[in-house]
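Asker: Have a peek at upload-v3.tsv (TSV, C-alpha atoms).
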chain	number	residue	atom	x	y	z
H	23	MET	CA	77.13	257.39	32.10
H	24	GLY	CA	77.56	260.51	34.24
H	25	ILE	CA	75.01	259.27	36.70
H	26	ALA	CA	76.32	255.73	36.57
H	27	ALA	CA	79.73	257.10	37.52
H	28	GLU	CA	78.25	258.10	40.86
H	29	ALA	CA	78.07	254.44	41.72
H	30	GLN	CA	81.04	252.13	42.25
H	31	PHE	CA	84.23	252.72	40.32
H	32	HIS	CA	85.01	249.89	37.98
H	33	VAL	CA	88.61	248.71	37.79
H	34	LEU	CA	90.00	246.36	35.17
H	35	ALA	CA	92.90	244.36	36.67
H	36	VAL	CA	95.36	242.57	34.38
H	37	ASP	CA	97.80	239.95	35.67
H	38	ASP	CA	99.00	236.63	34.32
H	39	SER	CA	99.49	235.19	37.82
H	40	VAL	CA	96.34	233.62	39.21
H	41	ILE	CA	97.53	234.32	42.76
H	42	ASP	CA	98.12	237.98	42.04
H	43	ARG	CA	94.76	238.28	40.27
H	44	LYS	CA	93.07	236.94	43.35
H	45	MET	CA	95.08	239.30	45.53
H	46	ILE	CA	94.39	242.44	43.53
H	47	GLU	CA	90.74	241.53	43.14
H	48	ARG	CA	90.38	241.22	46.90
H	49	LEU	CA	92.38	244.39	47.58
H	50	LEU	CA	90.13	246.35	45.25
H	51	LYS	CA	86.89	244.82	46.51
H	52	VAL	CA	87.82	245.54	50.12
H	53	SER	CA	88.29	249.14	48.97
H	54	SER	CA	84.74	249.12	47.50
H	55	PHE	CA	85.69	248.94	43.85
H	56	GLN	CA	83.90	246.89	41.26
H	57	VAL	CA	86.54	244.61	39.71
H	58	THR	CA	86.99	242.69	36.49
H	59	THR	CA	90.15	240.58	36.19
H	60	VAL	CA	91.75	239.24	33.03
H	61	ASP	CA	94.97	237.25	32.58
H	62	SER	CA	96.55	239.05	29.62
H	63	GLY	CA	96.91	242.38	27.90
H	64	SER	CA	95.11	241.14	24.80
H	65	LYS	CA	92.13	240.04	26.88
H	66	ALA	CA	92.13	243.46	28.51
H	67	LEU	CA	91.96	245.12	25.07
H	68	GLU	CA	89.23	242.72	24.07
H	69	PHE	CA	87.25	243.63	27.16
H	70	LEU	CA	87.74	247.30	26.36
H	71	GLY	CA	86.51	246.69	22.82
H	72	LEU	CA	89.83	247.47	21.20
H	73	MET	CA	90.70	244.25	19.44
H	74	GLY	CA	92.12	244.44	15.93
H	75	ASP	CA	91.59	248.18	15.88
H	76	VAL	CA	94.61	249.11	17.89
H	77	HIS	CA	96.24	251.41	15.41
H	78	GLY	CA	93.10	252.33	13.54
H	79	ASN	CA	91.43	255.74	13.48
H	80	PRO	CA	94.13	257.75	15.15
H	81	THR	CA	92.29	261.01	14.58
H	82	ILE	CA	88.68	260.42	15.45
H	83	GLN	CA	86.99	263.79	15.65
H	84	SER	CA	85.97	264.96	19.07
H	85	SER	CA	82.24	265.02	18.28
H	86	SER	CA	82.30	261.31	17.62
H	87	VAL	CA	84.42	260.44	20.64
H	88	SER	CA	81.54	260.20	23.04
H	89	SER	CA	79.49	257.86	20.91
H	90	HIS	CA	82.64	255.93	20.08
H	91	VAL	CA	83.17	255.30	23.79
H	92	HIS	CA	79.61	254.16	24.25
H	93	HIS	CA	79.76	251.95	21.24
H	94	HIS	CA	82.94	250.14	22.15
H	95	GLN	CA	82.89	250.14	25.91
H	96	GLU	CA	79.70	248.47	26.91
H	97	VAL	CA	80.97	248.30	30.45
H	98	GLU	CA	82.54	251.49	31.64
H	99	VAL	CA	86.06	251.05	33.00
H	100	ASN	CA	87.29	253.84	35.28
H	101	LEU	CA	90.82	252.58	35.81
H	102	ILE	CA	93.15	249.88	34.53
H	103	ILE	CA	95.74	248.28	36.80
H	104	THR	CA	98.17	245.98	35.06
H	105	ASP	CA	101.17	243.82	35.85
H	106	TYR	CA	104.31	244.86	33.98
H	107	CYS	CA	105.90	241.49	33.33
H	108	MET	CA	103.55	239.27	31.33
H	109	PRO	CA	104.21	236.88	28.47
H	110	GLY	CA	103.20	238.27	25.08
H	111	MET	CA	101.94	241.77	25.64
H	112	THR	CA	103.66	243.40	28.61
H	113	GLY	CA	101.96	245.91	30.87
H	114	TYR	CA	103.99	248.60	29.14
H	115	ASP	CA	102.71	247.49	25.71
H	116	LEU	CA	99.17	247.59	27.07
H	117	LEU	CA	99.74	251.09	28.45
H	118	LYS	CA	100.98	252.27	25.05
H	119	LYS	CA	98.00	250.78	23.24
H	120	ILE	CA	95.58	252.42	25.63
H	121	LYS	CA	97.26	255.81	25.40
H	122	GLU	CA	97.32	255.56	21.59
H	123	SER	CA	93.60	254.85	21.48
H	124	SER	CA	91.37	257.86	21.04
H	125	SER	CA	88.55	256.16	22.91
H	126	LEU	CA	90.58	254.79	25.83
H	127	LYS	CA	93.41	257.24	26.37
H	128	ASP	CA	91.70	259.04	29.25
H	129	ILE	CA	91.34	255.91	31.36
H	130	PRO	CA	94.02	256.10	34.06
H	131	VAL	CA	96.52	253.24	33.92
H	132	VAL	CA	98.51	251.98	36.90
H	133	ILE	CA	101.42	249.56	36.44
H	134	MET	CA	102.54	246.97	38.99
H	135	SER	CA	105.85	245.17	39.06
H	136	SER	CA	107.79	243.04	41.50
H	137	GLU	CA	111.02	244.57	40.28
H	138	ASN	CA	112.24	247.96	41.34
H	139	VAL	CA	113.89	249.08	38.11
H	140	PRO	CA	113.99	252.90	38.07
H	141	SER	CA	114.36	253.18	34.28
H	142	ARG	CA	111.30	250.97	33.82
H	143	ILE	CA	109.30	252.95	36.36
H	144	ASN	CA	110.22	256.26	34.74
H	145	ARG	CA	109.43	254.99	31.27
H	146	CYS	CA	105.96	253.93	32.36
H	147	LEU	CA	105.28	257.22	34.12
H	148	GLU	CA	106.59	259.27	31.21
H	149	ASP	CA	104.41	257.36	28.78
H	150	GLY	CA	101.21	258.03	30.65
H	151	ALA	CA	100.93	255.69	33.62
H	152	GLU	CA	99.44	257.44	36.64
H	153	GLU	CA	101.22	255.33	39.23
H	154	PHE	CA	103.73	252.53	39.54
H	155	PHE	CA	103.17	250.06	42.37
H	156	LEU	CA	105.81	247.67	43.58
H	157	LYS	CA	104.47	244.21	44.24
H	158	PRO	CA	103.18	242.85	46.45
H	159	VAL	CA	100.53	245.55	46.26
H	160	ARG	CA	99.12	246.62	49.60
H	161	LEU	CA	95.99	248.32	50.82
H	162	SER	CA	97.95	251.54	51.29
H	163	ASP	CA	98.77	251.45	47.56
H	164	VAL	CA	95.16	250.91	46.58
H	165	ASN	CA	94.18	253.96	48.60
H	166	ARG	CA	96.28	256.01	46.21
H	167	LEU	CA	93.97	255.12	43.31
H	168	LYS	CA	91.05	257.27	44.43
H	169	PRO	CA	92.42	260.65	43.27
H	170	HIS	CA	93.03	259.29	39.77
H	171	LEU	CA	89.51	257.94	39.66
H	172	LEU	CA	88.08	261.28	40.68
H	173	LYS	CA	90.03	262.96	37.92
H	174	SER	CA	88.93	260.45	35.30
H	175	LYS	CA	85.33	260.68	36.47
H	176	PHE	CA	85.50	264.43	36.10
H	177	LYS	CA	86.86	264.07	32.60
H	178	ALA	CA	84.15	261.57	31.77
H	179	GLN	CA	81.55	264.07	32.92
H	180	GLN	CA	83.06	266.72	30.71
H	181	GLN	CA	82.65	264.40	27.76
H	182	GLN	CA	79.01	263.84	28.62
H	183	LEU	CA	77.94	267.29	27.62
H	184	PRO	CA	78.96	267.90	24.05
H	185	GLN	CA	75.61	268.80	22.40
H	186	GLN	CA	75.38	272.46	23.33
H	187	GLU	CA	78.87	273.06	22.08
H	188	GLU	CA	78.47	271.71	18.56
H	189	LEU	CA	79.97	274.80	16.94
H	190	GLU	CA	82.95	274.94	19.20
H	191	GLN	CA	83.67	271.30	18.65
H	192	LYS	CA	84.15	272.05	15.01
H	193	GLU	CA	86.76	274.65	15.92
H	194	PRO	CA	89.26	272.80	18.04
H	195	ASP	CA	91.79	275.62	17.64
H	196	GLN	CA	89.71	278.31	19.27
H	197	PRO	CA	91.54	280.42	21.87
H	198	GLN	CA	91.98	278.81	25.21
H	199	GLN	CA	90.86	281.92	27.11
H	200	LYS	CA	87.35	281.68	25.79
H	201	GLN	CA	87.05	278.10	26.82
H	202	GLN	CA	88.40	278.89	30.21
H	203	GLN	CA	85.79	281.54	30.86
H	204	GLN	CA	83.07	279.09	30.08
H	205	GLN	CA	84.61	276.52	32.28
H	206	GLU	CA	85.19	278.59	35.37
H	207	LYS	CA	82.78	276.66	37.50
H	208	GLU	CA	84.03	273.28	36.38
H	209	GLU	CA	87.59	274.31	36.84
H	210	GLU	CA	87.01	275.23	40.44
H	211	GLU	CA	85.75	271.75	40.91
H	212	MET	CA	88.74	270.36	39.09
H	213	GLU	CA	91.12	272.38	41.22
H	214	SER	CA	89.63	271.05	44.39
H	215	ILE	CA	90.18	267.57	43.04
H	216	GLU	CA	93.74	268.47	42.13
H	217	GLN	CA	94.26	269.74	45.65
H	218	LYS	CA	93.03	266.49	47.07
H	219	VAL	CA	95.43	264.72	44.78
H	220	ASP	CA	98.29	266.80	46.09
H	221	GLU	CA	97.39	266.05	49.68
H	222	GLN	CA	97.21	262.36	49.03
H	223	GLU	CA	100.43	262.42	47.12
H	224	GLN	CA	102.43	263.49	50.17
H	225	ALA	CA	103.16	259.91	51.03
H	226	VAL	CA	103.97	258.81	47.52
H	227	GLN	CA	107.43	257.87	46.31
H	228	SER	CA	109.37	260.80	44.99
H	229	SER	CA	109.39	260.02	41.28
H	230	VAL	CA	105.65	259.61	41.23
H	231	LYS	CA	105.16	262.63	43.39
H	232	ARG	CA	107.28	264.77	41.14
H	233	LYS	CA	105.19	263.81	38.16
H	234	ILE	CA	101.89	264.65	39.83
H	235	VAL	CA	103.14	267.96	41.17
H	236	GLU	CA	104.43	268.96	37.76
H	237	GLU	CA	101.11	268.08	36.29
H	238	SER	CA	99.10	270.10	38.74
H	239	LEU	CA	101.40	273.09	38.31
H	240	SER	CA	101.01	272.95	34.57
H	241	PRO	CA	98.19	275.02	33.13
H	242	GLU	CA	97.61	272.19	30.63
H	243	ARG	CA	96.20	270.21	33.47
H	244	THR	CA	93.22	272.40	34.19
H	245	ARG	CA	91.67	272.07	30.80
H	246	PRO	CA	90.11	269.02	29.26
H	247	ARG	CA	92.35	266.72	27.34
H	248	TYR	CA	90.16	266.69	24.28
H	249	SER	CA	90.92	270.24	23.22
H	250	GLY	CA	87.97	270.22	20.84
H	251	LEU	CA	85.51	269.12	23.47
H	252	THR	CA	84.22	271.87	25.65
H	253	MET	CA	81.66	271.75	28.36
H	254	ALA	CA	78.19	273.11	28.73
H	255	THR	CA	77.83	275.46	31.66
Z	11	MET	CA	89.86	221.17	73.55
Z	12	ASP	CA	89.10	224.59	74.92
Z	13	VAL	CA	88.66	227.26	72.22
Z	14	VAL	CA	90.74	229.80	74.08
Z	15	LEU	CA	93.57	227.33	74.43
Z	16	LEU	CA	93.39	226.46	70.72
Z	17	GLN	CA	93.37	230.11	69.78
Z	18	ARG	CA	96.43	230.70	71.92
Z	19	ARG	CA	98.17	227.76	70.31
Z	20	PHE	CA	97.26	229.13	66.86
Z	21	SER	CA	98.64	232.56	67.60
Z	22	GLU	CA	101.83	231.18	69.17
Z	23	TYR	CA	102.38	228.94	66.18
Z	24	LEU	CA	101.83	231.83	63.81
Z	25	THR	CA	104.25	233.98	65.79
Z	26	SER	CA	106.88	231.26	65.56
Z	27	LEU	CA	106.45	231.16	61.77
Z	28	PHE	CA	107.09	234.90	61.60
Z	29	ASN	CA	110.05	234.66	63.99
Z	30	GLU	CA	111.67	231.87	62.00
Z	31	GLY	CA	111.16	233.78	58.76
Z	32	PHE	CA	108.87	231.21	57.12
Z	33	LEU	CA	106.31	233.97	56.80
Z	34	ASP	CA	106.79	237.70	56.45
Z	35	GLU	CA	104.66	240.85	56.73
Z	36	GLN	CA	102.86	240.08	53.49
Z	37	PHE	CA	101.08	237.17	55.16
Z	38	LYS	CA	99.55	239.67	57.57
Z	39	GLN	CA	98.24	241.63	54.58
Z	40	LEU	CA	96.59	238.44	53.38
Z	41	GLN	CA	94.96	237.97	56.75
Z	42	GLU	CA	93.72	241.55	56.71
Z	43	LEU	CA	91.98	240.91	53.40
Z	44	GLN	CA	89.99	238.04	54.86
Z	45	ASP	CA	86.59	239.08	56.15
Z	46	GLU	CA	83.00	237.87	56.24
Z	47	ASN	CA	82.70	238.48	52.49
Z	48	SER	CA	85.66	236.23	51.82
Z	49	PRO	CA	86.02	233.99	54.89
Z	50	ASP	CA	88.41	231.49	53.26
Z	51	PHE	CA	90.57	234.00	51.44
Z	52	VAL	CA	93.90	233.04	53.05
Z	53	PHE	CA	93.27	229.34	52.55
Z	54	GLU	CA	92.25	229.88	48.91
Z	55	VAL	CA	95.28	231.99	48.04
Z	56	VAL	CA	97.68	229.64	49.81
Z	57	THR	CA	96.12	226.68	48.00
Z	58	LEU	CA	96.72	228.46	44.70
Z	59	PHE	CA	100.29	229.05	45.85
Z	60	PHE	CA	100.76	225.31	46.49
Z	61	GLU	CA	99.40	224.40	43.06
Z	62	ASP	CA	101.43	227.05	41.28
Z	63	SER	CA	104.64	226.25	43.15
Z	64	GLU	CA	104.40	222.53	42.49
Z	65	ARG	CA	103.87	223.16	38.80
Z	66	LEU	CA	106.86	225.52	38.70
Z	67	LEU	CA	109.11	223.18	40.71
Z	68	ASN	CA	108.34	220.43	38.21
Z	69	GLU	CA	109.13	222.72	35.30
Z	70	LEU	CA	112.35	223.80	36.97
Z	71	ALA	CA	113.46	220.24	37.67
Z	72	LYS	CA	112.88	219.40	34.00
Z	73	ALA	CA	114.65	222.50	32.73
Z	74	LEU	CA	117.72	221.90	34.91
Z	75	VAL	CA	118.39	218.35	33.68
Z	76	GLN	CA	118.52	219.33	30.01
Z	77	PRO	CA	121.91	218.67	28.38
Z	78	SER	CA	122.09	222.34	27.52
Z	79	VAL	CA	120.30	224.33	30.22
Z	80	ASP	CA	118.18	227.23	28.99
Z	81	PHE	CA	118.96	229.71	31.78
Z	82	GLN	CA	116.44	232.21	30.51
Z	83	LYS	CA	113.70	229.66	30.84
Z	84	VAL	CA	114.92	228.67	34.31
Z	85	ASP	CA	115.01	232.32	35.30
Z	86	ALA	CA	111.46	232.86	34.04
Z	87	HIS	CA	110.19	230.01	36.23
Z	88	VAL	CA	112.10	231.27	39.26
Z	89	HIS	CA	110.79	234.76	38.59
Z	90	GLN	CA	107.24	233.44	38.78
Z	91	LEU	CA	107.95	231.49	41.92
Z	92	LYS	CA	109.50	234.58	43.48
Z	93	GLY	CA	106.39	236.56	42.60
Z	94	SER	CA	103.94	234.08	44.07
Z	95	SER	CA	105.99	233.43	47.21
Z	96	SER	CA	106.33	237.14	47.87
Z	97	SER	CA	102.60	237.63	47.26
Z	98	ILE	CA	101.67	235.18	50.00
Z	99	GLY	CA	104.57	236.13	52.27
Z	100	ALA	CA	106.59	232.90	52.07
Z	101	GLY	CA	109.75	234.80	52.95
Z	102	ARG	CA	112.31	232.01	52.93
Z	103	VAL	CA	111.18	230.64	49.56
Z	104	LYS	CA	111.33	234.16	48.17
Z	105	ASP	CA	114.88	234.66	49.49
Z	106	VAL	CA	116.15	231.48	47.83
Z	107	CYS	CA	114.51	232.63	44.58
Z	108	ILE	CA	116.55	235.84	44.71
Z	109	HIS	CA	119.82	233.85	44.98
Z	110	PHE	CA	118.60	231.43	42.35
Z	111	ARG	CA	118.05	234.26	39.88
Z	112	ASN	CA	121.57	235.55	40.44
Z	113	PHE	CA	122.96	232.13	39.52
Z	114	CYS	CA	120.76	232.10	36.41
Z	115	GLU	CA	122.22	235.40	35.39
Z	116	GLU	CA	125.74	234.04	35.89
Z	117	GLN	CA	124.70	230.85	34.08
Z	118	ASN	CA	126.11	228.99	37.06
Z	119	ILE	CA	124.66	225.50	36.86
Z	120	GLU	CA	126.11	224.32	40.19
Z	121	GLY	CA	124.64	227.33	41.94
Z	122	CYS	CA	121.30	226.75	40.25
Z	123	LEU	CA	121.21	223.09	41.25
Z	124	ARG	CA	122.09	223.99	44.83
Z	125	CYS	CA	119.29	226.57	44.89
Z	126	MET	CA	116.91	224.03	43.41
Z	127	GLN	CA	117.56	221.73	46.39
Z	128	GLN	CA	117.14	224.62	48.82
Z	129	ILE	CA	113.95	225.79	47.22
Z	130	LYS	CA	112.42	222.31	47.31
Z	131	HIS	CA	113.40	222.08	50.96
Z	132	GLU	CA	112.06	225.51	51.92
Z	133	TYR	CA	108.88	224.98	49.96
Z	134	SER	CA	108.09	221.67	51.66
Z	135	LEU	CA	108.81	223.25	55.06
Z	136	VAL	CA	106.51	226.22	54.56
Z	137	LYS	CA	103.83	224.03	53.01
Z	138	ASN	CA	103.91	221.78	56.05
Z	139	LYS	CA	103.79	224.75	58.44
Z	140	LEU	CA	100.88	226.38	56.61
Z	141	GLU	CA	98.96	223.11	56.60
Z	142	ASN	CA	99.50	222.87	60.36
Z	143	LEU	CA	98.23	226.40	60.71
Z	144	PHE	CA	95.06	225.65	58.72
Z	145	ARG	CA	94.53	222.47	60.75
Z	146	LEU	CA	94.65	224.48	63.97
Z	147	GLU	CA	92.21	226.93	62.47
Z	148	GLN	CA	89.81	224.09	61.64
Z	149	GLN	CA	90.08	222.79	65.18
Z	150	ILE	CA	89.17	226.21	66.51
Z	151	ILE	CA	86.10	226.31	64.25
Z	152	GLN	CA	85.08	222.80	65.24
Z	153	ALA	CA	85.44	223.72	68.89
Z	154	GLY	CA	82.95	226.51	68.27
Z	155	GLY	CA	85.42	229.40	68.01
Could the structure of this file be written out as structure tokens, please?
Answerer:
Amino acid sequence: MGIAAEAQFHVLAVDDSVIDRKMIERLLKVSSFQVTTVDSGSKALEFLGLMGDVHGNPTIQSSSVSSHVHHHQEVEVNLIITDYCMPGMTGYDLLKKIKESSSLKDIPVVIMSSENVPSRINRCLEDGAEEFFLKPVRLSDVNRLKPHLLKSKFKAQQQQLPQQEELEQKEPDQPQQKQQQQQEKEEEEMESIEQKVDEQEQAVQSSVKRKIVEESLSPERTRPRYSGLTMAT
Amino acid sequence: MDVVLLQRRFSEYLTSLFNEGFLDEQFKQLQELQDENSPDFVFEVVTLFFEDSERLLNELAKALVQPSVDFQKVDAHVHQLKGSSSSIGAGRVKDVCIHFRNFCEEQNIEGCLRCMQQIKHEYSLVKNKLENLFRLEQQIIQAGG
């Protein structure tokens, strides 16, 4: 998977409007992404292998996460972009389900909506969406996806290398300092990605920008999200 | 006819559609997304817009003649029409949708019916203009352009 990630990024686009599906598909393809489109949140979950298991296994242990991902996600998805307003499951519902899923929560989610409702935008960003795009989505918006993909790819690579750290995986509460020493090299890489993110975020609307800046200032950001999963050096 | 002349006519016609507000900036985005990998992109998306709009206009007409109008349902249809018209850059249709939704919120049936007439009118205008545009494009291709 780590090597495969070197190839095209794969984006799952979710929209109930056939016109907007065609638009977003084209926008992403022009930007050299591989695209899969579906017309509902439930089909998105199905594609991601998360049907009927939405609330199940909330505490899958870190050592099984990697195989869990392989097992469920036959096709790797690097980013999900979803419409907000859809019948049945809204884009927000889909976001919540993805963030609640141990196997999917690290996939960046971007929400699109034709309505500029600040409370809605903030709610999505606070609950884990990376970006909020106002429709119609433009090429300049799509260009903002790259930093999130680089971050998720980096995380995916971290999760590729669990074997040498068997013991540490069984001790998820071990001191952060120790982990950080081992991760020095990787963190430098991560920081350079974070820097790129900051540069690209200059043009982004203020609420989104604030979120990203806070994240990159936070020390939480420089360590892997699966606290039990450490990396081989 | 001469290709250069046809191309000029095409671009003048397109400019007039922008100037008169039938199309907005979003249509230019659509054109930018058309390339050799997707040579008929604009035509395909606009065709989807025609199909979708006609379906929604039918639904709206039905919903508005009910003895007790379900304004939420009407609003949902108008919301969809607003979305698709703004996605292809049909500016004047989109603008009527915005007014239409306000009347839905107020549950103002007279306002809704007036908007329904306007939307049908604006839709048939922009459909006609876009068909003219595609016809010109075909003529350019046939002339070897």
Asker: For a test of reading the model, state the distance in Å between atom CA of Phe55 of chain H and atom CA of Val56 of chain Z, rounded to one decimal.
Answerer: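 Going from atom CA of Phe55 of chain H over to atom CA of Val56 of chain Z, I get 23.5 Å.
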Asker: If you take only C-alpha atoms and a cut-off of 7 Å, which residues of chain Z touch chain H, and what are their nearest atom pairs and distances in Å to one decimal, in chain and number order, as a Markdown table?
Answerer:
| residue | atom | partner | partner_atom | distance |
| --- | --- | --- | --- | --- |
| Z:Leu43 | CA | H:Arg48 | CA | 6.7 |
| Z:Val55 | CA | H:Ile41 | CA | 6.2 |
| Z:Leu58 | CA | H:Ile41 | CA | 6.2 |
| Z:Phe59 | CA | H:Ile41 | CA | 6.7 |
| Z:Gly93 | CA | H:Ser136 | CA | 6.7 |
| Z:Ser94 | CA | H:Ile41 | CA | 6.5 |
| Z:Ser96 | CA | H:Pro158 | CA | 6.7 |
| Z:Ser97 | CA | H:Pro158 | CA | 5.3 |
Asker: Any chance you could export the current selection's C-alpha atoms as a JSON list (two decimals), in the frame of the given file?
Answerer:
[["chain", "number", "residue", "atom", "x", "y", "z"],
["Z", 43, "LEU", "CA", 91.98, 240.91, 53.40],
["Z", 55, "VAL", "CA", 95.28, 231.99, 48.04],
["Z", 58, "LEU", "CA", 96.72, 228.46, 44.70],
["Z", 59, "PHE", "CA", 100.29, 229.05, 45.85],
["Z", 93, "GLY", "CA", 106.39, 236.56, 42.60],
["Z", 94, "SER", "CA", 103.94, 234.08, 44.07],
["Z", 96, "SER", "CA", 106.33, 237.14, 47.87],
["Z", 97, "SER", "CA", 102.60, 237.63, 47.26]]
Asker: Which value, in Å to one decimal, gives the distance between atom CA of Ser162 of chain H and atom CA of Asn47 of chain Z?
Answerer: 20.1 Å
Asker: Just checking: using all atoms listed in the file, which residue out of Z:Asn29, Z:Gln90, Z:Gln82, Z:Glu61 ends up closest to Asp37 of chain H?
Answerer: Z:Gln90
Asker: Between atom CA of His89 of chain Z and atom CA of Cys107 of chain Z, what is the spacing in Å?
Answerer: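 Atom CA of Cys107 of chain Z sits 7.4 Å away from atom CA of His89 of chain Z.
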Asker: Around segment 31-40 of chain Z, with edges along x, y and z and 3 Å added on all six sides, what centre and edge lengths do you get, in Å to one decimal, as AutoDock Vina command-line options?
Answerer:
--center_x 103.9 --center_y 236.4 --center_z 56.1 --size_x 20.6 --size_y 16.4 --size_z 11.4
Asker: For each of Z:Ile98, Z:Met126, Z:Val88, Z:Leu135, take the minimum atom-to-atom distance to Gln39 of chain Z, counting all atoms listed in the file, then give the residue where this is smallest.
Answerer: Z:Ile98
Asker: Determine the nearest neighbour of Leu140 of chain Z from the options Z:Gly99, Z:Gly154, Z:Pro77, Z:Pro49, counting only C-alpha atoms.
Answerer: Z:Gly99
Asker: Provide segment 102-116 of chain Z of the preceding structure as a file containing N, CA and C atoms, as a PDB file, in the first residue's frame.
Answerer:
ATOM      1  N   ARG Z 102     -29.461  33.459 -14.628  1.00  0.00           N
ATOM      2  CA  ARG Z 102     -30.800  34.029 -14.432  1.00  0.00           C
ATOM      3  C   ARG Z 102     -31.755  33.011 -13.842  1.00  0.00           C
ATOM      4  N   VAL Z 103     -31.608  31.746 -14.205  1.00  0.00           N
ATOM      5  CA  VAL Z 103     -32.438  30.694 -13.588  1.00  0.00           C
ATOM      6  C   VAL Z 103     -32.111  30.611 -12.096  1.00  0.00           C
ATOM      7  N   LYS Z 104     -30.818  30.646 -11.806  1.00  0.00           N
ATOM      8  CA  LYS Z 104     -30.386  30.586 -10.405  1.00  0.00           C
ATOM      9  C   LYS Z 104     -30.984  31.737  -9.599  1.00  0.00           C
ATOM     10  N   ASP Z 105     -30.956  32.948 -10.164  1.00  0.00           N
ATOM     11  CA  ASP Z 105     -31.478  34.115  -9.438  1.00  0.00           C
ATOM     12  C   ASP Z 105     -32.970  33.975  -9.132  1.00  0.00           C
ATOM     13  N   VAL Z 106     -33.743  33.462 -10.088  1.00  0.00           N
ATOM     14  CA  VAL Z 106     -35.171  33.277  -9.812  1.00  0.00           C
ATOM     15  C   VAL Z 106     -35.345  32.235  -8.708  1.00  0.00           C
ATOM     16  N   CYS Z 107     -34.500  31.206  -8.723  1.00  0.00           N
ATOM     17  CA  CYS Z 107     -34.591  30.169  -7.673  1.00  0.00           C
ATOM     18  C   CYS Z 107     -34.402  30.777  -6.285  1.00  0.00           C
ATOM     19  N   ILE Z 108     -33.494  31.738  -6.172  1.00  0.00           N
ATOM     20  CA  ILE Z 108     -33.246  32.369  -4.872  1.00  0.00           C
ATOM     21  C   ILE Z 108     -34.522  33.075  -4.377  1.00  0.00           C
ATOM     22  N   HIS Z 109     -35.180  33.834  -5.282  1.00  0.00           N
ATOM     23  CA  HIS Z 109     -36.445  34.493  -4.901  1.00  0.00           C
ATOM     24  C   HIS Z 109     -37.523  33.466  -4.562  1.00  0.00           C
ATOM     25  N   PHE Z 110     -37.561  32.445  -5.387  1.00  0.00           N
ATOM     26  CA  PHE Z 110     -38.554  31.377  -5.223  1.00  0.00           C
ATOM     27  C   PHE Z 110     -38.441  30.779  -3.818  1.00  0.00           C
ATOM     28  N   ARG Z 111     -37.210  30.527  -3.385  1.00  0.00           N
ATOM     29  CA  ARG Z 111     -37.025  29.901  -2.078  1.00  0.00           C
ATOM     30  C   ARG Z 111     -37.478  30.818  -0.944  1.00  0.00           C
ATOM     31  N   ASN Z 112     -37.288  32.132  -1.140  1.00  0.00           N
ATOM     32  CA  ASN Z 112     -37.779  33.067  -0.126  1.00  0.00           C
ATOM     33  C   ASN Z 112     -39.298  32.975   0.017  1.00  0.00           C
ATOM     34  N   PHE Z 113     -39.984  32.883  -1.130  1.00  0.00           N
ATOM     35  CA  PHE Z 113     -41.449  32.760  -1.085  1.00  0.00           C
ATOM     36  C   PHE Z 113     -41.865  31.432  -0.448  1.00  0.00           C
ATOM     37  N   CYS Z 114     -41.100  30.395  -0.671  1.00  0.00           N
ATOM     38  CA  CYS Z 114     -41.399  29.108  -0.022  1.00  0.00           C
ATOM     39  C   CYS Z 114     -41.320  29.253   1.488  1.00  0.00           C
ATOM     40  N   GLU Z 115     -40.283  29.960   1.908  1.00  0.00           N
ATOM     41  CA  GLU Z 115     -40.093  30.139   3.348  1.00  0.00           C
ATOM     42  C   GLU Z 115     -41.258  30.918   3.956  1.00  0.00           C
ATOM     43  N   GLU Z 116     -41.721  31.928   3.196  1.00  0.00           N
ATOM     44  CA  GLU Z 116     -42.864  32.727   3.669  1.00  0.00           C
ATOM     45  C   GLU Z 116     -44.194  32.004   3.455  1.00  0.00           C
TER      46      GLU Z 116
END
